[in-house]
Each structure stands twice: as structure tokens, then as C-alpha cells.
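Here's structure-v3.txt, which has compact mmCIF, C-alpha atoms:
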```txt
# COMPACT_ATOMS: atom_id res chain seq x y z
CA MET W 18 82.27 111.99 113.62
CA LEU W 19 84.48 109.28 112.18
CA ALA W 20 82.56 109.18 108.91
CA PRO W 21 84.98 111.38 106.88
CA LEU W 22 87.81 109.11 107.99
CA TYR W 23 85.91 106.05 106.77
CA ALA W 24 85.21 107.85 103.49
CA ALA W 25 88.93 108.60 103.15
CA ILE W 26 89.98 104.99 103.73
CA ALA W 27 87.35 103.61 101.35
CA THR W 28 88.52 106.14 98.75
CA SER W 29 92.17 105.23 99.14
CA ALA W 30 91.28 101.58 98.48
CA PHE W 31 89.52 102.64 95.28
CA SER W 32 92.32 105.04 94.29
CA ILE W 33 94.75 102.17 94.43
CA LEU W 34 92.42 100.10 92.25
CA PHE W 35 92.33 103.06 89.86
CA GLY W 36 96.11 102.99 89.54
CA LEU W 37 97.09 106.05 91.58
CA GLY W 38 100.40 106.16 93.41
CA TRP W 39 100.35 106.60 97.18
CA ILE W 40 100.87 110.39 97.14
CA ASP W 41 98.01 110.97 94.73
CA ALA W 42 95.87 108.39 96.52
CA SER W 43 96.38 110.26 99.82
CA ILE W 44 95.53 113.59 98.21
CA ALA W 45 92.36 112.14 96.67
CA SER W 46 91.41 110.63 100.03
CA CYS W 47 91.73 114.06 101.68
CA GLY W 48 89.43 115.42 98.99
CA ALA W 49 86.95 112.63 99.67
CA ALA W 50 87.04 113.29 103.42
CA LEU W 51 86.46 116.99 102.76
CA GLY W 52 83.55 116.24 100.45
CA TRP W 53 81.96 113.85 102.91
CA ALA W 54 82.40 116.30 105.80
CA VAL W 55 80.62 119.00 103.80
CA TYR W 56 77.89 116.49 102.90
CA GLU W 57 77.31 115.37 106.48
CA TRP W 58 77.83 118.56 108.42
CA PHE W 59 76.04 121.05 106.19
CA PRO W 60 72.64 119.58 105.40
CA ALA W 61 71.89 122.53 103.11
CA LEU W 62 68.14 123.28 103.13
CA HIS W 63 67.68 119.62 104.08
CA ALA W 64 67.67 118.70 100.42
CA GLU W 65 69.89 115.83 99.36
CA ALA W 66 70.69 117.38 95.99
CA PHE W 67 72.02 120.63 97.52
CA SER W 68 74.18 118.86 100.09
CA VAL W 69 75.67 116.67 97.39
CA PHE W 70 76.22 119.70 95.15
CA PHE W 71 78.20 121.55 97.82
CA ALA W 72 80.11 118.40 98.72
CA ALA W 73 81.07 117.83 95.07
CA LEU W 74 81.97 121.51 94.71
CA ALA W 75 84.30 121.30 97.72
CA ALA W 76 85.90 118.08 96.47
CA GLY W 77 86.17 119.56 92.97
CA LEU W 78 87.86 122.77 94.12
CA PHE W 79 90.25 120.71 96.23
CA SER W 80 91.00 118.62 93.13
CA GLU W 81 91.64 121.71 91.01
CA ILE W 82 94.14 123.03 93.55
CA ALA W 83 95.81 119.62 93.83
CA SER W 84 95.90 119.42 90.04
CA TYR W 85 97.71 122.77 89.80
CA PHE W 86 100.36 121.87 92.34
CA ARG W 87 100.84 118.25 91.29
CA ARG W 88 100.75 119.12 87.55
CA LYS W 89 98.17 116.45 86.74
CA PRO W 90 94.70 116.75 85.25
CA ALA W 91 92.07 117.58 87.85
CA THR W 92 89.87 114.69 86.75
CA VAL W 93 92.39 112.29 88.30
CA TYR W 94 91.61 113.68 91.76
CA MET W 95 87.94 114.37 91.00
CA ILE W 96 87.01 110.83 90.02
CA ALA W 97 88.67 109.42 93.10
CA SER W 98 87.40 111.97 95.61
CA ILE W 99 83.72 111.78 94.61
CA ILE W 100 83.63 108.00 95.12
CA PRO W 101 81.87 108.17 98.51
CA LEU W 102 79.29 110.59 97.11
CA VAL W 103 78.38 108.86 93.84
CA PRO W 104 74.94 107.27 93.83
CA GLY W 105 76.01 103.68 93.23
CA GLY W 106 73.66 102.48 95.94
CA GLY W 107 70.83 104.42 94.36
CA MET W 108 71.41 102.79 90.97
CA TYR W 109 71.33 99.42 92.67
CA TYR W 110 68.14 100.08 94.65
CA THR W 111 66.43 101.46 91.54
CA MET W 112 67.13 98.32 89.56
CA LEU W 113 66.26 96.08 92.51
CA SER W 114 62.81 97.68 92.90
CA THR W 115 62.28 97.32 89.16
CA LEU W 116 63.08 93.64 89.36
CA GLU W 117 60.76 93.21 92.34
CA GLY W 118 57.98 94.76 90.25
CA ASN W 119 57.72 97.77 92.56
CA THR W 120 57.49 100.39 89.82
CA ALA W 121 56.54 103.35 92.00
CA GLN W 122 59.49 102.73 94.30
CA SER W 123 61.84 102.33 91.37
CA VAL W 124 60.75 105.60 89.75
CA ASP W 125 61.19 107.30 93.11
CA THR W 126 64.73 106.06 93.75
CA GLY W 127 65.59 106.40 90.06
CA ILE W 128 64.80 110.10 90.01
CA ALA W 129 66.59 110.66 93.31
CA THR W 130 69.64 108.86 91.90
CA LEU W 131 69.68 110.94 88.73
CA MET W 132 69.31 114.11 90.79
CA THR W 133 72.29 113.11 92.91
CA ALA W 134 74.39 112.30 89.86
CA PHE W 135 73.40 115.61 88.26
CA SER W 136 74.27 117.52 91.43
CA ILE W 137 77.71 115.95 91.54
CA ALA W 138 78.31 116.61 87.85
CA ILE W 139 77.21 120.23 88.19
CA GLY W 140 79.34 120.69 91.30
CA LEU W 141 82.37 119.39 89.42
CA ALA W 142 81.58 121.53 86.37
CA VAL W 143 81.41 124.66 88.54
CA ALA W 144 84.68 123.71 90.23
CA ASN W 145 86.19 123.23 86.79
CA VAL W 146 85.12 126.70 85.69
CA ILE W 147 86.53 128.26 88.85
CA GLY W 148 89.75 126.29 88.35
CA ARG W 149 90.05 127.52 84.77
CA ILE W 150 89.53 131.12 85.81
CA ALA W 151 92.08 130.79 88.61
CA PHE W 152 94.77 128.75 86.86
CA GLY W 153 93.93 129.16 83.17
CA ASN W 154 94.27 125.46 82.30
CA ARG W 155 97.97 125.60 83.22
CA TYR W 156 99.91 123.87 85.95
CA ARG W 157 102.42 125.30 88.40
CA PRO W 158 105.48 126.12 86.30
CA LEU W 159 108.48 123.86 86.61
CA ARG W 160 111.55 125.32 88.25
CA PRO W 161 114.18 126.03 85.59
CA LYS W 162 116.81 123.32 85.48
CA LYS W 163 120.26 124.35 86.71
CA MET G 6 105.75 115.42 58.00
CA HIS G 7 105.33 111.68 58.61
CA THR G 8 101.57 111.74 58.17
CA GLU G 9 100.77 108.06 58.65
CA GLU G 10 102.70 107.74 61.93
CA LEU G 11 101.23 111.01 63.16
CA LEU G 12 97.67 109.88 62.44
CA LEU G 13 98.10 106.51 64.12
CA PHE G 14 99.93 108.00 67.07
CA ALA G 15 97.25 110.61 67.71
CA ALA G 16 94.45 108.05 67.36
CA ASP G 17 96.15 105.62 69.74
CA THR G 18 96.73 108.36 72.29
CA ALA G 19 93.02 109.22 72.25
CA ARG G 20 92.09 105.54 72.40
CA LEU G 21 94.27 104.88 75.43
CA MET G 22 92.89 108.00 77.11
CA LEU G 23 89.33 106.71 76.69
CA GLU G 24 90.22 103.16 77.71
CA SER G 25 91.80 104.46 80.92
CA GLY G 26 88.74 106.48 81.93
CA GLY G 27 89.68 109.98 80.73
CA GLU G 28 86.88 112.35 79.76
CA THR G 29 85.66 112.27 76.17
CA TYR G 30 86.53 115.92 75.46
CA ARG G 31 90.01 115.41 76.88
CA ALA G 32 90.65 112.49 74.52
CA GLU G 33 89.47 114.57 71.57
CA GLU G 34 91.61 117.53 72.62
CA CYS G 35 94.67 115.30 73.01
CA ALA G 36 94.38 113.92 69.48
CA ILE G 37 93.74 117.36 67.98
CA SER G 38 96.57 119.09 69.80
CA ILE G 39 99.04 116.34 68.85
CA ILE G 40 98.16 116.80 65.19
CA THR G 41 98.19 120.60 65.18
CA SER G 42 101.49 120.65 67.09
CA GLN G 43 103.03 118.59 64.28
CA GLY G 44 101.69 120.84 61.54
CA GLY G 45 98.50 119.03 60.50
CA ALA G 46 95.53 121.20 59.50
CA GLU G 47 91.78 120.92 60.05
CA ALA G 48 92.15 118.21 62.66
CA GLU G 49 88.79 116.89 63.82
CA CYS G 50 88.13 114.12 66.31
CA PHE G 51 84.84 112.55 67.25
CA ALA G 52 84.98 110.22 70.24
CA THR G 53 82.37 108.21 72.11
CA ALA G 54 82.73 105.63 74.85
CA THR G 55 82.98 102.84 72.28
CA GLY G 56 85.07 104.29 69.50
CA LEU G 57 86.63 107.33 67.87
CA MET G 58 87.18 108.82 64.44
CA LEU G 59 90.02 111.17 63.62
CA SER G 60 90.90 113.02 60.46
CA PHE G 61 93.19 115.84 59.35
CA VAL G 62 94.66 117.41 56.23
CA SER G 63 98.41 117.06 55.70
CA ASP G 64 100.62 119.67 54.05
CA ASP G 65 100.30 117.98 50.63
CA GLY G 66 96.56 118.63 50.76
CA LYS G 67 95.46 115.02 51.32
CA THR G 68 92.90 114.07 53.97
CA HIS G 69 93.86 111.28 56.36
CA THR G 70 91.31 109.43 58.48
CA VAL G 71 91.37 106.56 60.91
CA VAL G 72 88.80 104.80 63.10
CA ARG G 73 89.58 103.16 66.43
CA ARG G 74 87.22 100.91 68.37
CA ILE G 75 87.28 100.88 72.16
CA LYS G 76 86.55 97.46 73.52
CA LYS G 77 87.82 97.52 77.08
CA ARG G 78 87.45 100.21 79.68
CA ILE G 79 89.60 99.85 82.79
CA MET G 80 89.89 102.90 85.02
CA ASN G 81 93.57 103.81 85.32
CA LEU G 82 94.11 107.39 86.41
CA GLU G 83 97.90 107.09 86.34
CA LYS G 84 97.71 106.48 82.60
CA VAL G 85 95.38 109.47 82.19
CA SER G 86 97.81 111.80 83.92
CA ARG G 87 100.87 110.48 82.08
CA ILE G 88 99.18 110.86 78.70
CA ASP G 89 98.20 114.41 79.65
CA ARG G 90 101.83 115.14 80.60
CA MET G 91 103.14 113.64 77.36
CA VAL G 92 100.74 115.66 75.18
CA ARG G 93 101.57 118.90 77.00
CA ASP G 94 105.30 118.26 76.62
CA LEU G 95 104.88 117.53 72.92
CA LYS G 96 102.85 120.70 72.44
CA THR G 97 105.50 122.86 74.12
CA ASP G 98 108.32 121.13 72.22
CA GLN G 99 109.92 119.76 75.35
CA ILE G 100 110.00 116.32 73.76
CA GLY G 101 110.19 115.33 70.12
CA PHE G 102 107.77 113.15 68.18
CA GLU G 103 109.85 109.96 68.52
CA GLU G 104 110.19 110.47 72.26
CA ALA G 105 106.43 110.96 72.57
CA GLU G 106 105.82 107.75 70.62
CA SER G 107 108.03 105.71 72.91
CA GLU G 108 106.46 107.34 75.97
CA LEU G 109 102.99 106.30 74.73
CA ASP G 110 104.33 102.79 74.31
CA ARG G 111 105.60 102.81 77.90
CA ILE G 112 102.27 104.13 79.21
CA GLU G 113 100.37 101.47 77.27
CA ARG G 114 102.44 98.77 78.92
CA LEU G 115 102.22 100.10 82.48
CA PRO G 116 101.40 97.09 84.63
CA GLU G 117 97.94 96.77 86.14
CA ARG G 118 97.58 96.21 89.87
CA SER G 119 98.39 92.67 90.97
CA GLY G 120 95.66 90.28 92.08
CA LYS G 121 96.70 90.49 95.74
CA THR G 122 96.52 94.29 95.75
CA ARG G 123 93.11 94.20 94.11
CA ILE G 124 91.75 91.74 96.64
CA ALA G 125 93.14 93.72 99.58
CA ALA G 126 91.72 96.96 98.16
CA GLY G 127 88.36 95.26 97.66
CA ALA G 128 88.33 94.05 101.26
CA PHE G 129 89.18 97.45 102.76
CA GLY G 130 86.90 99.31 100.37
CA ALA G 131 83.90 97.11 101.25
CA ALA G 132 84.55 97.24 105.02
CA PHE G 133 84.89 101.02 105.17
CA PHE G 134 81.94 101.62 102.89
CA ALA G 135 79.88 99.45 105.24
CA LEU G 136 81.13 101.58 108.16
CA LEU G 137 80.21 104.72 106.22
CA PHE G 138 76.66 103.36 105.98
CA ARG G 139 76.62 102.97 109.79
CA ALA G 140 77.50 99.31 110.06
CA ASP G 141 78.65 97.90 113.40
CA VAL G 142 81.99 96.15 113.84
CA ARG G 143 80.65 92.69 112.98
CA GLU G 144 79.02 93.87 109.79
CA ALA G 145 82.20 95.65 108.72
CA PHE G 146 84.16 92.50 109.50
CA ALA G 147 81.81 90.44 107.33
CA ALA G 148 82.01 93.03 104.54
CA PHE G 149 85.81 92.82 104.69
CA PHE G 150 85.87 89.11 103.87
CA ILE G 151 82.96 89.10 101.43
CA GLY G 152 84.52 92.11 99.69
CA ALA G 153 87.76 90.18 99.24
CA LEU G 154 85.78 87.26 97.82
CA VAL G 155 83.89 89.47 95.38
CA ALA G 156 87.14 91.15 94.27
CA LEU G 157 88.54 87.68 93.64
CA VAL G 158 85.53 86.71 91.53
CA VAL G 159 85.76 89.92 89.51
CA ARG G 160 89.45 89.27 88.96
CA LEU G 161 88.82 85.68 87.85
CA SER G 162 86.11 86.66 85.40
CA ALA G 163 88.41 89.31 83.94
CA ARG G 164 91.06 86.60 83.51
CA LEU G 165 88.56 84.38 81.71
CA ARG G 166 87.59 87.35 79.50
CA MET G 167 83.98 87.27 80.61
CA PRO G 168 81.87 90.33 79.84
CA ASP G 169 81.42 92.81 82.71
CA PHE G 170 77.78 91.81 82.87
CA ILE G 171 78.70 88.31 84.06
CA ALA G 172 81.20 89.63 86.61
CA ASN G 173 78.58 91.98 88.07
CA LEU G 174 75.93 89.27 88.10
CA ALA G 175 78.21 86.82 89.90
CA GLY G 176 79.55 89.48 92.27
CA GLY G 177 76.07 90.64 93.25
CA ALA G 178 74.83 87.09 93.78
CA LEU G 179 77.88 86.15 95.84
CA ALA G 180 77.61 89.24 98.05
CA ALA G 181 73.94 88.61 98.82
CA PHE G 182 74.28 84.87 99.29
CA CYS G 183 77.28 85.03 101.66
CA THR G 184 75.62 87.73 103.75
CA LEU G 185 72.38 85.79 104.02
CA LEU G 186 74.36 82.74 105.08
CA LEU G 187 76.02 84.77 107.86
CA VAL G 188 72.61 86.01 108.99
CA GLN G 189 71.33 82.44 109.04
CA ILE G 190 74.14 81.19 111.29
CA GLY G 191 73.50 84.13 113.62
CA PHE G 192 76.71 86.10 113.04
CA LEU G 193 74.79 89.09 111.70
CA ASN G 194 71.42 90.51 112.67
CA ARG G 195 70.57 92.14 109.34
CA ALA G 196 71.78 91.75 105.80
CA ASP G 197 71.26 95.06 104.00
CA VAL G 198 74.20 97.17 105.25
CA THR G 199 76.77 94.46 104.61
CA ILE G 200 75.38 93.76 101.15
CA ILE G 201 75.38 97.42 100.13
CA GLY G 202 78.92 97.88 101.48
CA VAL G 203 80.20 95.02 99.34
CA ILE G 204 78.11 96.04 96.34
CA MET G 205 79.84 99.45 96.36
CA LEU G 206 82.82 97.66 94.82
CA LEU G 207 80.73 96.93 91.72
CA VAL G 208 78.17 99.70 91.41
CA PRO G 209 78.51 102.15 88.52
CA GLY G 210 78.29 105.36 90.54
CA VAL G 211 81.36 106.86 88.88
CA ALA G 212 80.08 105.74 85.47
CA ILE G 213 76.70 107.45 85.84
CA THR G 214 78.36 110.64 87.13
CA ASN G 215 80.83 110.64 84.24
CA ALA G 216 77.96 110.08 81.82
CA ILE G 217 76.32 113.25 83.07
CA ARG G 218 79.64 115.14 83.05
CA ASP G 219 80.07 114.18 79.38
CA THR G 220 76.54 115.30 78.62
CA ILE G 221 77.11 118.65 80.31
CA ALA G 222 80.33 119.07 78.31
CA GLY G 223 78.26 118.69 75.13
CA ASP G 224 79.25 115.11 74.23
CA PHE G 225 75.71 113.77 74.07
CA VAL G 226 76.45 110.51 72.26
CA ALA G 227 79.31 109.65 74.62
CA GLY G 228 77.10 110.54 77.58
CA LEU G 229 74.31 108.25 76.39
CA ALA G 230 76.74 105.39 75.78
CA ARG G 231 78.25 105.70 79.25
CA GLY G 232 74.79 106.01 80.77
CA ALA G 233 73.74 102.79 79.06
CA GLU G 234 76.84 101.08 80.41
CA ALA G 235 75.99 102.26 83.93
CA PHE G 236 72.38 101.09 83.71
CA LEU G 237 73.40 97.69 82.42
CA ALA G 238 75.89 97.26 85.25
CA ALA G 239 73.28 98.22 87.85
CA ALA G 240 70.80 95.81 86.27
CA ALA G 241 73.32 92.98 86.37
CA ILE G 242 74.16 93.55 90.03
CA SER G 243 70.50 93.73 91.06
CA ALA G 244 69.70 90.64 89.01
CA GLY G 245 72.51 88.86 90.87
CA THR G 246 71.37 89.90 94.34
CA GLY G 247 67.70 89.41 93.43
CA GLY G 248 68.49 85.92 92.20
CA ALA G 249 70.38 85.14 95.37
CA PHE G 250 67.45 86.34 97.51
CA ALA G 251 65.07 84.15 95.49
CA LEU G 252 67.35 81.14 95.76
CA TRP G 253 67.60 81.76 99.48
CA GLN G 254 63.81 81.60 99.83
CA ILE G 255 63.96 78.10 98.37
CA LEU G 256 67.00 76.94 100.35
CA GLN G 257 66.11 78.41 103.72
CA PRO G 258 63.69 75.66 104.85
CA LEU G 259 66.56 73.19 104.45
CA PHE G 260 68.43 74.96 107.28
CA GLY G 261 65.58 74.44 109.73
CA LYS G 262 64.34 77.48 111.62
CA GLY G 263 64.15 80.77 109.76
CA ALA G 264 66.42 83.74 110.43
```
C-alpha cells encoding of this file:
Amino acid sequence: MLAPLYAAIATSAFSILFGLGWIDASIASCGAALGWAVYEWFPALHAEAFSVFFAALAAGLFSEIASYFRRKPATVYMIASIIPLVPGGGMYYTMLSTLEGNTAQSVDTGIATLMTAFSIAIGLAVANVIGRIAFGNRYRPLRPKK
Amino acid sequence: MHTEELLLFAADTARLMLESGGETYRAEECAISIITSQGGAEAECFATATGLMLSFVSDDGKTHTVVRRIKKRIMNLEKVSRIDRMVRDLKTDQIGFEEAESELDRIERLPERSGKTRIAAGAFGAAFFALLFRADVREAFAAFFIGALVALVVRLSARLRMPDFIANLAGGALAAFCTLLLVQIGFLNRADVTIIGVIMLLVPGVAITNAIRDTIAGDFVAGLARGAEAFLAAAAISAGTGGAFALWQILQPLFGKGA
């Protein structure tokens, strides 16, 4: 049950490495927690790729909304909030099996890794489209100066 | 129209966008909208992960072109959002050209995170990633300290201007070796969760995802370049950990009984 919290803290560490201020880092961490919660609690059709897709979609939509209200490009929040989902471990295991000469294993993990990365990218692309339809590539207007 | 300044300014904006981890299409759009907002015609920009070309036609009918190479890529999302802000303001005439130039200069010189912050972030990142992969308290504790150590090594190799490949190789080897040492002295029962938690600091998960995002957006060359970068990084990390495992096989008999 604590997993989304762990995901949020790990993300905030990365957000700070990526140069975000504390407000944006907190927002991105909420997005990461949301994405991880979707990933863990809705094992859609018991297929990894679908769970990751919905998780990335949730994190992406959250990022689009944050982008509108904070007047910053959505990618700022997207990159940070997908950090727990991205298949870094998969890339590593793929290369490790290749080095160990276990070709079958490496093809297996390699394809799974690419599928995960594709699912995330597609989830973000769909979120982007929805964001564009909703906000039209504009941010919340500034209040007129008095 | 001050064509030369405009060309260089637009190219440098796109370059900084790519260096800071912005998407390829966003960098291209930034350069093009800067030029069209200042009255340039037929602006075209072609960007990849390693360089960009930009050209436009000025009002006297001459074509101006510049090429910029991208040598370093350090993710800095604050720079991405400030460049985006600056370009939007310039497009809507809220700031003038000179103001935009000095703002780009300020963004370029934004300080990077200090070494202490990076090491602390590395420690917390590694520990909580280990917890996310169902580590127990001891394993998370180990990941905390090894993560700090790996962040320190990455920082040092950046200082010494080593290629990323070397930093990943050393980081992977250090993570595996320290963990195996802790298993040997009986602090940990297994090595894999701690290693993978620490390795998350180095792995190119964001890079491979961005590569595919670029490809979906239609930037095939940029996508391939970023994909190659991601594969190389993963290869370096696995070579590091694999090397450490191999070295451990040789060293282990020296410690007496096996773990």
C-alpha cells in the first residue's frame, strides 16, 4: 500500500536532479504516485503493457492539467512523473543477459522492455492529444496587471 | 531586421532546449517561431539529438543558415520551461528581441545543482527505488549509502570530463561490488534488489521512452540517435556490473567461506 508513496519520494529525488523547483517537484511526485497507483491497483487484463499504458495515460493527463495551471510545458511534468514506470531495469537486464551469453533471455526481456517503453510513449501521446483538445496548446491566462 | 543576431539567437535557443532534455519537435518549433515572429520567411529547422540546422530567408531575399552541434545533454527541466516561457512571450510581443536575448543568456547560466544536493538526491532515489522493488529496511539502508557513493562517482567523472560511458561503467561496477561485499559480511541476504535500486540512478529508462516519443512524433533520426544513446548506456552499466560479478568470483575465495 505504501508503494505510491515510495514512487513519489523516488521521483522527487529525481525531479531535484532534473532541476525542478520544490513546487514543480511536488506536483511531479503526485503525478508519479498517481501513475504508480494505477499501475499497481489496476492490473488491466493482466498484461504488463496495458497496465503501463493506463498508468502513463493517468500521469500524462495529470501533467497536462498541471501544465495548464502552472503555465509550463507538460513535458516538464511528464518526464518526471513517468520515472518510476520507465523500463530502466528492463534495459539493464536485457544487456546483462546478452553479456552472459543468454540470448533467448535477452530477446525476451528486450522485447518486454520495448513494449513497456512503447506503452508509456503511447500513453503520453494520447494524453498530449487530449490536452491539446482541452486546452488548445495554451496556458491559463494571466490575470491582467492592475 | 538584424538577421545575423536573429539567426544565432534562434539556433542557440533550440540548442539549449535540446541540451536540457526538451523534445526534438519543441526545439524545432521554438527556433521557427522565434524567426517568424521577427519577420523571417521560410524558416526551417532540422534537429536531432546531436545537432541542428536552421535556415530562413530575410526580407532582402538572402538565405541564412547555421549549424549547431550538441555535445552535452544534461536533463534540466527548469531550463526547458523557462525557454518555453521566453519564446511564448516573444511571440506575443510581451518582451522585445533584446530582452529575449538577455533572458536566454540568463537561462544558459542557471546554476546546476550542487554536488551535495546531487549526492543526497542519489541516496534517497536509490533507497526509495529499492523499497519500490520490495526491498526490506536493511536493503533500502544499503541502497541509500551505495546510491550516495554512485552519485559521487558520477559527479567526479563529470568533473573530469569523462564520457558518460565511463561514468556508467564505473557506477555499475561500484554498485554491484559494494552490494556483494555487504552480502559477504552478512549484512544482506541477497544482492539483486539493492543493486537494481542503485542502478536506477543510471539506467536510461527516460532516454528510451523519449526516443520512442520522438519516433512517434515523426522525428525518426532523432529517435534513432536517442535510442542508440540509451542502448549504449544500458550496455555500459551491465558491463560494469557483469565485470564486478566476474571479479567477485575470483576474489571470493580470498574471504574464506562463500556467501
Residue nearest chain G among W:Ser68, W:Ser46, W:Ser123, W:Thr115 (counting all atoms listed in the file):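 Among the listed residues, the smallest separation from chain G belongs to W:Thr115.
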Expected answer as a PyMOL selection string: chain G residues within 8 Å of chain W, only C-alpha atoms: chain G and resi 27-28+80-86+89-90+117-118+122-123+126-127+129-134+136-137+201+204-205+208-211+213-215+217-218+221+236+239-240+242-244+247
Please dump the current selection as a compact mmCIF listing (two decimals), in the frame of the given file; keep C-alpha atoms.
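The result, stored in result_36.txt:
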```txt
# COMPACT_ATOMS: atom_id res chain seq x y z
CA GLY G 27 89.68 109.98 80.73
CA GLU G 28 86.88 112.35 79.76
CA MET G 80 89.89 102.90 85.02
CA ASN G 81 93.57 103.81 85.32
CA LEU G 82 94.11 107.39 86.41
CA GLU G 83 97.90 107.09 86.34
CA LYS G 84 97.71 106.48 82.60
CA VAL G 85 95.38 109.47 82.19
CA SER G 86 97.81 111.80 83.92
CA ASP G 89 98.20 114.41 79.65
CA ARG G 90 101.83 115.14 80.60
CA GLU G 117 97.94 96.77 86.14
CA ARG G 118 97.58 96.21 89.87
CA THR G 122 96.52 94.29 95.75
CA ARG G 123 93.11 94.20 94.11
CA ALA G 126 91.72 96.96 98.16
CA GLY G 127 88.36 95.26 97.66
CA PHE G 129 89.18 97.45 102.76
CA GLY G 130 86.90 99.31 100.37
CA ALA G 131 83.90 97.11 101.25
CA ALA G 132 84.55 97.24 105.02
CA PHE G 133 84.89 101.02 105.17
CA PHE G 134 81.94 101.62 102.89
CA LEU G 136 81.13 101.58 108.16
CA LEU G 137 80.21 104.72 106.22
CA ILE G 201 75.38 97.42 100.13
CA ILE G 204 78.11 96.04 96.34
CA MET G 205 79.84 99.45 96.36
CA VAL G 208 78.17 99.70 91.41
CA PRO G 209 78.51 102.15 88.52
CA GLY G 210 78.29 105.36 90.54
CA VAL G 211 81.36 106.86 88.88
CA ILE G 213 76.70 107.45 85.84
CA THR G 214 78.36 110.64 87.13
CA ASN G 215 80.83 110.64 84.24
CA ILE G 217 76.32 113.25 83.07
CA ARG G 218 79.64 115.14 83.05
CA ILE G 221 77.11 118.65 80.31
CA PHE G 236 72.38 101.09 83.71
CA ALA G 239 73.28 98.22 87.85
CA ALA G 240 70.80 95.81 86.27
CA ILE G 242 74.16 93.55 90.03
CA SER G 243 70.50 93.73 91.06
CA ALA G 244 69.70 90.64 89.01
CA GLY G 247 67.70 89.41 93.43
```
Rounded to one decimal, what separation in Å do you get between CA of Met132 in chain W and CA of Leu174 in chain G?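 Computed distance, CA of Met132 in chain W to CA of Leu174 in chain G, equals 25.8 Å.
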Let me make sure I understand: among G:His7, G:Leu179, G:Leu187, G:Val142, which one has the smallest atom-to-atom distance to Leu154 in chain G if we use only C-alpha atoms?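 For Leu154 in chain G, the nearest of the candidates is G:Leu179.
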Quick one: distance from CA of Ala251 in chain G to CA of Gly176 in chain G in Å, one decimal?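 Interatomic distance, CA of Ala251 in chain G to CA of Gly176 in chain G: 15.8 Å.
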Between CA of Val92 in chain G and CA of Thr18 in chain G, what is the spacing in Å?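 Separation of CA of Thr18 in chain G and CA of Val92 in chain G: 8.8 Å.
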Within 10 Å of file point (84.7, 111.1, 68.7), counting only C-alpha atoms, expressed as a list in words: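 The requested residues, written out, are Ala19, Arg20, Thr29, Tyr30, Ala32, Glu33, Glu49, Cys50, Phe51, Ala52, Thr53, Ala54, Thr55, Gly56, Leu57, Met58, Leu59, Val72, Arg73, Asp224, Val226 and Ala227 of chain G.
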Any chance you could export the current selection's C-alpha atoms as a compact mmCIF listing (two decimals), in the frame of the given file?
```
# COMPACT_ATOMS: atom_id res chain seq x y z
CA ALA G 19 93.02 109.22 72.25
CA ARG G 20 92.09 105.54 72.40
CA THR G 29 85.66 112.27 76.17
CA TYR G 30 86.53 115.92 75.46
CA ALA G 32 90.65 112.49 74.52
CA GLU G 33 89.47 114.57 71.57
CA GLU G 49 88.79 116.89 63.82
CA CYS G 50 88.13 114.12 66.31
CA PHE G 51 84.84 112.55 67.25
CA ALA G 52 84.98 110.22 70.24
CA THR G 53 82.37 108.21 72.11
CA ALA G 54 82.73 105.63 74.85
CA THR G 55 82.98 102.84 72.28
CA GLY G 56 85.07 104.29 69.50
CA LEU G 57 86.63 107.33 67.87
CA MET G 58 87.18 108.82 64.44
CA LEU G 59 90.02 111.17 63.62
CA VAL G 72 88.80 104.80 63.10
CA ARG G 73 89.58 103.16 66.43
CA ASP G 224 79.25 115.11 74.23
CA VAL G 226 76.45 110.51 72.26
CA ALA G 227 79.31 109.65 74.62
```
Centre, x/y/z edge lengths, axis-aligned box for range 85-95 of chain W with 6 Å per side, as JSON:
```
{"center_x": 94.4, "center_y": 117.5, "center_z": 88.8, "size_x": 24.9, "size_y": 22.5, "size_z": 19.1}
```
Residue neighbourhood Ala75 in chain W, 8 Å, all atoms listed in the file, exclusion window fewer than 3 positions, as a list in words: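 That gives Gly48, Leu51, Gly52, Val55, Phe71, Ala72, Leu78, Phe79 and Ala144 of chain W.
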Report as an MDAnalysis selection string all protein, DNA and RNA residues lying within 12 Å of Arg195 in chain G, evaluated on all atoms listed in the file, omitting residues in the same chain fewer than 2 positions from it. chainID G and resid 140:141 143:144 147 181 184:193 197:201 264
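Among the candidates W:Arg87, W:Met95, W:Gly127, W:Ile82, the one nearest to Arg149 in chain W when counting only C-alpha atoms is W:Ile82.
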